[in-house]
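Participant: What follows is a structure written as structure tokens; I'll ask about it next.
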Number of protein chains: 2
Amino acid sequence: MSPAIVSISAKSGTGKTTLVVKLIAELKQRGYRVGAIKHDTHNFSMDREGKDSWRFTEAGADTMMVTSSEKLAIIKQNPERREPPIRESIERYFGDMDIVLTEGFKKNDFPKIEVHRRERSTRLLYRDDSYDPTLIAVASDSPLQIDVPVFDLNDAVSICDFIEKRFLRPR
Amino acid sequence: MSPAIVSISAKSGTGKTTLVVKLIAELKQRGYRVGAIKHDTHNFSMDREGKDSWRFTEAGADTMMVTSSEKLAIIKQNPERREPPIRESIERYFGDMDIVLTEGFKKNDFPKIEVHRRERSTRLLYRDDSYDPTLIAVASDSPLQIDVPVFDLNDAVSICDFIEKRFLRPR
């Protein structure tokens, strides 16, 4: 079965990560298997210099995995430095999740919750800057009059209620 | 297509990693897509405290991925803290590799190259301690009289020649 996917999006500098972290914790508490994806700049660092796993990657390993009873970690180089389609990666790596939250993918057709802070901008990315029909809700620090539900940015419980009702079967 | 798999094994403290690193570099130079797997203790650390990706995992994400044009990194918690069979993980994550080198799996049925240093032990793990038919070669710092080829521990080129002839089609 494919997981539900919800994209947490915003203009840069709005502070999406804190909300994503809260939603992960709240969804976990409700018993779901939760995946999280962050889109990052080309050359993000993972792993630590000098470790064996790091040495494998440095030596040129195209795919490197460290495995234990607790977890596995994989670093996979993209052939020709081209990112595989995100839906393909979700199918491949997140097939056993109930829900996947993505952050940092501004342009895709996933259902989106826009994070909004008045001091960052009075305009919404997916309503004012251009109309995007995949917007399903806004998490904001101020009241807004728009055509989708608006939640308090800090109210992860209500946002999870909304996500759960819309995408997940109650357990 | 499934990748070739060669396990680099040894008694603890023999220093397998340096050989694995050399083999990765040599195989890459020959144009192969190379995977590497390290078996580690339960709670190895990957990622860095405080980073967004780290915060996702800390919040409870069962699968966490960071993706960019250059690479992707995944940290996946094992359900019930039980490691999935290594062949399953290889099929799932290394299907696009030509060859996979594994380190730290002492007991499996992969073809094995034993790393040996006289000062660590005069006895071979897969011959003297117990006879293992999956042993295909030994990389040692001293001459040995046994029923499989023995290579100089530092001669990654000859070891790669051997691996290439046995498991990979010349390109």
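By order of appearance in the structure tokens: chains A, B, ..., then residues from 1 within every chain, and ligands from 1 in the order shown.
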Using only C-alpha atoms, select each residue of chain B with any atom at most 6 Å away from an atom of chain A, and give the selection as a PyMOL selection string.
Facilitator: chain B and resi 21+25+34-42+46-47+56+59+61-78+81-83
Participant: If we count only C-alpha atoms, what is near Gln145 in chain B at a cut-off of 12 Å, once residues fewer than 4 positions away on the same chain are taken out, given as a ChimeraX atom specification?
Facilitator: /B:123-124,127-128,137-138,140,149-151
Participant: Grab the residues selected above and save them as a PDB file, in the first residue's frame with all heavy atoms.
Facilitator:
ATOM      1  N   ARG B 123      45.940 -18.153  13.247  1.00  0.00           N
ATOM      2  CA  ARG B 123      44.870 -19.025  12.759  1.00  0.00           C
ATOM      3  C   ARG B 123      43.863 -18.259  11.903  1.00  0.00           C
ATOM      4  O   ARG B 123      43.503 -17.126  12.212  1.00  0.00           O
ATOM      5  CB  ARG B 123      44.138 -19.671  13.942  1.00  0.00           C
ATOM      6  CG  ARG B 123      45.044 -20.580  14.786  1.00  0.00           C
ATOM      7  CD  ARG B 123      44.376 -20.971  16.087  1.00  0.00           C
ATOM      8  NE  ARG B 123      43.101 -21.661  15.900  1.00  0.00           N
ATOM      9  CZ  ARG B 123      42.977 -22.960  15.612  1.00  0.00           C
ATOM     10  NH1 ARG B 123      44.059 -23.711  15.476  1.00  0.00           N
ATOM     11  NH2 ARG B 123      41.793 -23.509  15.450  1.00  0.00           N
ATOM     12  N   LEU B 124      43.400 -18.909  10.843  1.00  0.00           N
ATOM     13  CA  LEU B 124      42.388 -18.294   9.985  1.00  0.00           C
ATOM     14  C   LEU B 124      40.990 -18.584  10.529  1.00  0.00           C
ATOM     15  O   LEU B 124      40.682 -19.702  10.934  1.00  0.00           O
ATOM     16  CB  LEU B 124      42.494 -18.831   8.556  1.00  0.00           C
ATOM     17  CG  LEU B 124      43.675 -18.333   7.720  1.00  0.00           C
ATOM     18  CD1 LEU B 124      43.764 -19.141   6.420  1.00  0.00           C
ATOM     19  CD2 LEU B 124      43.522 -16.844   7.401  1.00  0.00           C
ATOM     20  N   ARG B 127      39.256 -21.256   8.199  1.00  0.00           N
ATOM     21  CA  ARG B 127      39.933 -22.510   7.898  1.00  0.00           C
ATOM     22  C   ARG B 127      40.335 -23.238   9.183  1.00  0.00           C
ATOM     23  O   ARG B 127      39.964 -24.374   9.392  1.00  0.00           O
ATOM     24  CB  ARG B 127      41.193 -22.258   7.037  1.00  0.00           C
ATOM     25  CG  ARG B 127      40.903 -22.170   5.562  1.00  0.00           C
ATOM     26  CD  ARG B 127      40.342 -23.483   5.016  1.00  0.00           C
ATOM     27  NE  ARG B 127      39.938 -23.406   3.615  1.00  0.00           N
ATOM     28  CZ  ARG B 127      38.712 -23.052   3.207  1.00  0.00           C
ATOM     29  NH1 ARG B 127      37.784 -22.722   4.079  1.00  0.00           N
ATOM     30  NH2 ARG B 127      38.412 -23.031   1.922  1.00  0.00           N
ATOM     31  N   ASP B 128      41.009 -22.500  10.073  1.00  0.00           N
ATOM     32  CA  ASP B 128      41.513 -23.150  11.283  1.00  0.00           C
ATOM     33  C   ASP B 128      40.447 -23.213  12.383  1.00  0.00           C
ATOM     34  O   ASP B 128      40.265 -24.242  13.019  1.00  0.00           O
ATOM     35  CB  ASP B 128      42.748 -22.411  11.797  1.00  0.00           C
ATOM     36  CG  ASP B 128      43.830 -22.356  10.723  1.00  0.00           C
ATOM     37  OD1 ASP B 128      44.110 -23.413  10.133  1.00  0.00           O
ATOM     38  OD2 ASP B 128      44.355 -21.262  10.460  1.00  0.00           O
ATOM     39  N   ALA B 137      39.254 -16.602  -0.933  1.00  0.00           N
ATOM     40  CA  ALA B 137      40.638 -16.089  -0.966  1.00  0.00           C
ATOM     41  C   ALA B 137      40.999 -15.526   0.397  1.00  0.00           C
ATOM     42  O   ALA B 137      40.131 -15.297   1.234  1.00  0.00           O
ATOM     43  CB  ALA B 137      40.777 -14.993  -2.034  1.00  0.00           C
ATOM     44  N   VAL B 138      42.298 -15.296   0.600  1.00  0.00           N
ATOM     45  CA  VAL B 138      42.771 -14.668   1.826  1.00  0.00           C
ATOM     46  C   VAL B 138      43.668 -13.497   1.431  1.00  0.00           C
ATOM     47  O   VAL B 138      44.442 -13.583   0.469  1.00  0.00           O
ATOM     48  CB  VAL B 138      43.555 -15.676   2.708  1.00  0.00           C
ATOM     49  CG1 VAL B 138      44.163 -14.975   3.926  1.00  0.00           C
ATOM     50  CG2 VAL B 138      42.636 -16.810   3.161  1.00  0.00           C
ATOM     51  N   SER B 140      46.522 -11.440   3.137  1.00  0.00           N
ATOM     52  CA  SER B 140      47.337 -11.589   4.342  1.00  0.00           C
ATOM     53  C   SER B 140      48.645 -10.800   4.259  1.00  0.00           C
ATOM     54  O   SER B 140      49.097 -10.428   3.171  1.00  0.00           O
ATOM     55  CB  SER B 140      47.630 -13.081   4.556  1.00  0.00           C
ATOM     56  OG  SER B 140      48.447 -13.251   5.697  1.00  0.00           O
ATOM     57  N   PRO B 149      43.421 -19.040  -3.074  1.00  0.00           N
ATOM     58  CA  PRO B 149      44.484 -18.075  -3.380  1.00  0.00           C
ATOM     59  C   PRO B 149      44.763 -17.133  -2.200  1.00  0.00           C
ATOM     60  O   PRO B 149      43.849 -16.735  -1.483  1.00  0.00           O
ATOM     61  CB  PRO B 149      43.906 -17.272  -4.557  1.00  0.00           C
ATOM     62  CG  PRO B 149      42.852 -18.146  -5.149  1.00  0.00           C
ATOM     63  CD  PRO B 149      42.304 -18.984  -4.031  1.00  0.00           C
ATOM     64  N   VAL B 150      46.032 -16.820  -2.003  1.00  0.00           N
ATOM     65  CA  VAL B 150      46.434 -15.880  -0.954  1.00  0.00           C
ATOM     66  C   VAL B 150      47.047 -14.644  -1.619  1.00  0.00           C
ATOM     67  O   VAL B 150      47.968 -14.760  -2.428  1.00  0.00           O
ATOM     68  CB  VAL B 150      47.463 -16.516   0.005  1.00  0.00           C
ATOM     69  CG1 VAL B 150      47.893 -15.499   1.078  1.00  0.00           C
ATOM     70  CG2 VAL B 150      46.875 -17.770   0.661  1.00  0.00           C
ATOM     71  N   PHE B 151      46.516 -13.482  -1.307  1.00  0.00           N
ATOM     72  CA  PHE B 151      47.022 -12.235  -1.873  1.00  0.00           C
ATOM     73  C   PHE B 151      47.708 -11.409  -0.798  1.00  0.00           C
ATOM     74  O   PHE B 151      47.381 -11.515   0.390  1.00  0.00           O
ATOM     75  CB  PHE B 151      45.875 -11.410  -2.468  1.00  0.00           C
ATOM     76  CG  PHE B 151      45.196 -12.087  -3.620  1.00  0.00           C
ATOM     77  CD1 PHE B 151      44.023 -12.805  -3.439  1.00  0.00           C
ATOM     78  CD2 PHE B 151      45.738 -12.025  -4.903  1.00  0.00           C
ATOM     79  CE1 PHE B 151      43.398 -13.440  -4.492  1.00  0.00           C
ATOM     80  CE2 PHE B 151      45.127 -12.657  -5.967  1.00  0.00           C
ATOM     81  CZ  PHE B 151      43.952 -13.369  -5.763  1.00  0.00           C
TER      82      PHE B 151
END
Participant: Can you measure CA of Arg117 in chain A to CA of Phe162 in chain A for me? One decimal in Å is fine.
Facilitator: 20.1 Å
Participant: Find the residues around Arg166 in chain B up to 12 Å (only C-alpha atoms counted), leave out those fewer than 3 positions away in its own chain, and share them as a PyMOL selection string.
Facilitator: chain B and resi 4-6+99+111+136-137+159-163+169-170
Participant: Would you please give, as a VMD selection string, all residues of range 23-90 of chain A that DSSP assigns to alpha helix (DSSP H) based on the backbone?
Facilitator: chain A and resid 23 to 29 52 to 59 86 to 90
Participant: Only C-alpha atoms, please: the residues just picked out, written as an mmCIF file, in the first residue's frame.
Facilitator:
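Listed below is the output, selection23.cif:
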data_model
loop_
_atom_site.group_PDB
_atom_site.id
_atom_site.type_symbol
_atom_site.label_atom_id
_atom_site.label_comp_id
_atom_site.auth_asym_id
_atom_site.auth_seq_id
_atom_site.Cartn_x
_atom_site.Cartn_y
_atom_site.Cartn_z
ATOM 1 C CA LEU A 23 3.553 16.720 13.397
ATOM 2 C CA ILE A 24 5.895 13.720 13.318
ATOM 3 C CA ALA A 25 5.757 13.439 17.113
ATOM 4 C CA GLU A 26 1.964 13.818 17.211
ATOM 5 C CA LEU A 27 1.362 11.280 14.408
ATOM 6 C CA LYS A 28 3.728 8.803 16.082
ATOM 7 C CA GLN A 29 1.817 9.198 19.337
ATOM 8 C CA ASP A 52 34.333 3.942 8.230
ATOM 9 C CA SER A 53 31.051 4.626 6.448
ATOM 10 C CA TRP A 54 32.314 8.070 5.464
ATOM 11 C CA ARG A 55 35.523 6.498 4.115
ATOM 12 C CA PHE A 56 33.455 4.131 1.926
ATOM 13 C CA THR A 57 31.579 7.047 0.394
ATOM 14 C CA GLU A 58 34.784 9.054 -0.025
ATOM 15 C CA ALA A 59 36.410 6.104 -1.818
ATOM 16 C CA ILE A 86 10.219 11.938 -5.623
ATOM 17 C CA ARG A 87 7.227 9.602 -6.118
ATOM 18 C CA GLU A 88 9.641 6.884 -7.246
ATOM 19 C CA SER A 89 11.761 7.339 -4.097
ATOM 20 C CA ILE A 90 8.662 7.275 -1.900
#
Participant: To one decimal place in Å, what is the distance between CA of Ile113 in chain B and CA of Ala139 in chain B?
Facilitator: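 Straight-line distance from CA of Ile113 in chain B to CA of Ala139 in chain B works out to 6.9 Å.
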Participant: So that I can check the secondary structure, give me every residue of range 16-140 of chain B assigned strand (DSSP E or B) by backbone DSSP, as number ranges by chain.
Facilitator: B: 34-39, 63-67, 71-77, 99-103, 112-116, 135-140
Participant: In Å, rounded to a single decimal, give me how far CA of Leu153 in chain A is from CA of Pro133 in chain A.
Facilitator: 21.0 Å
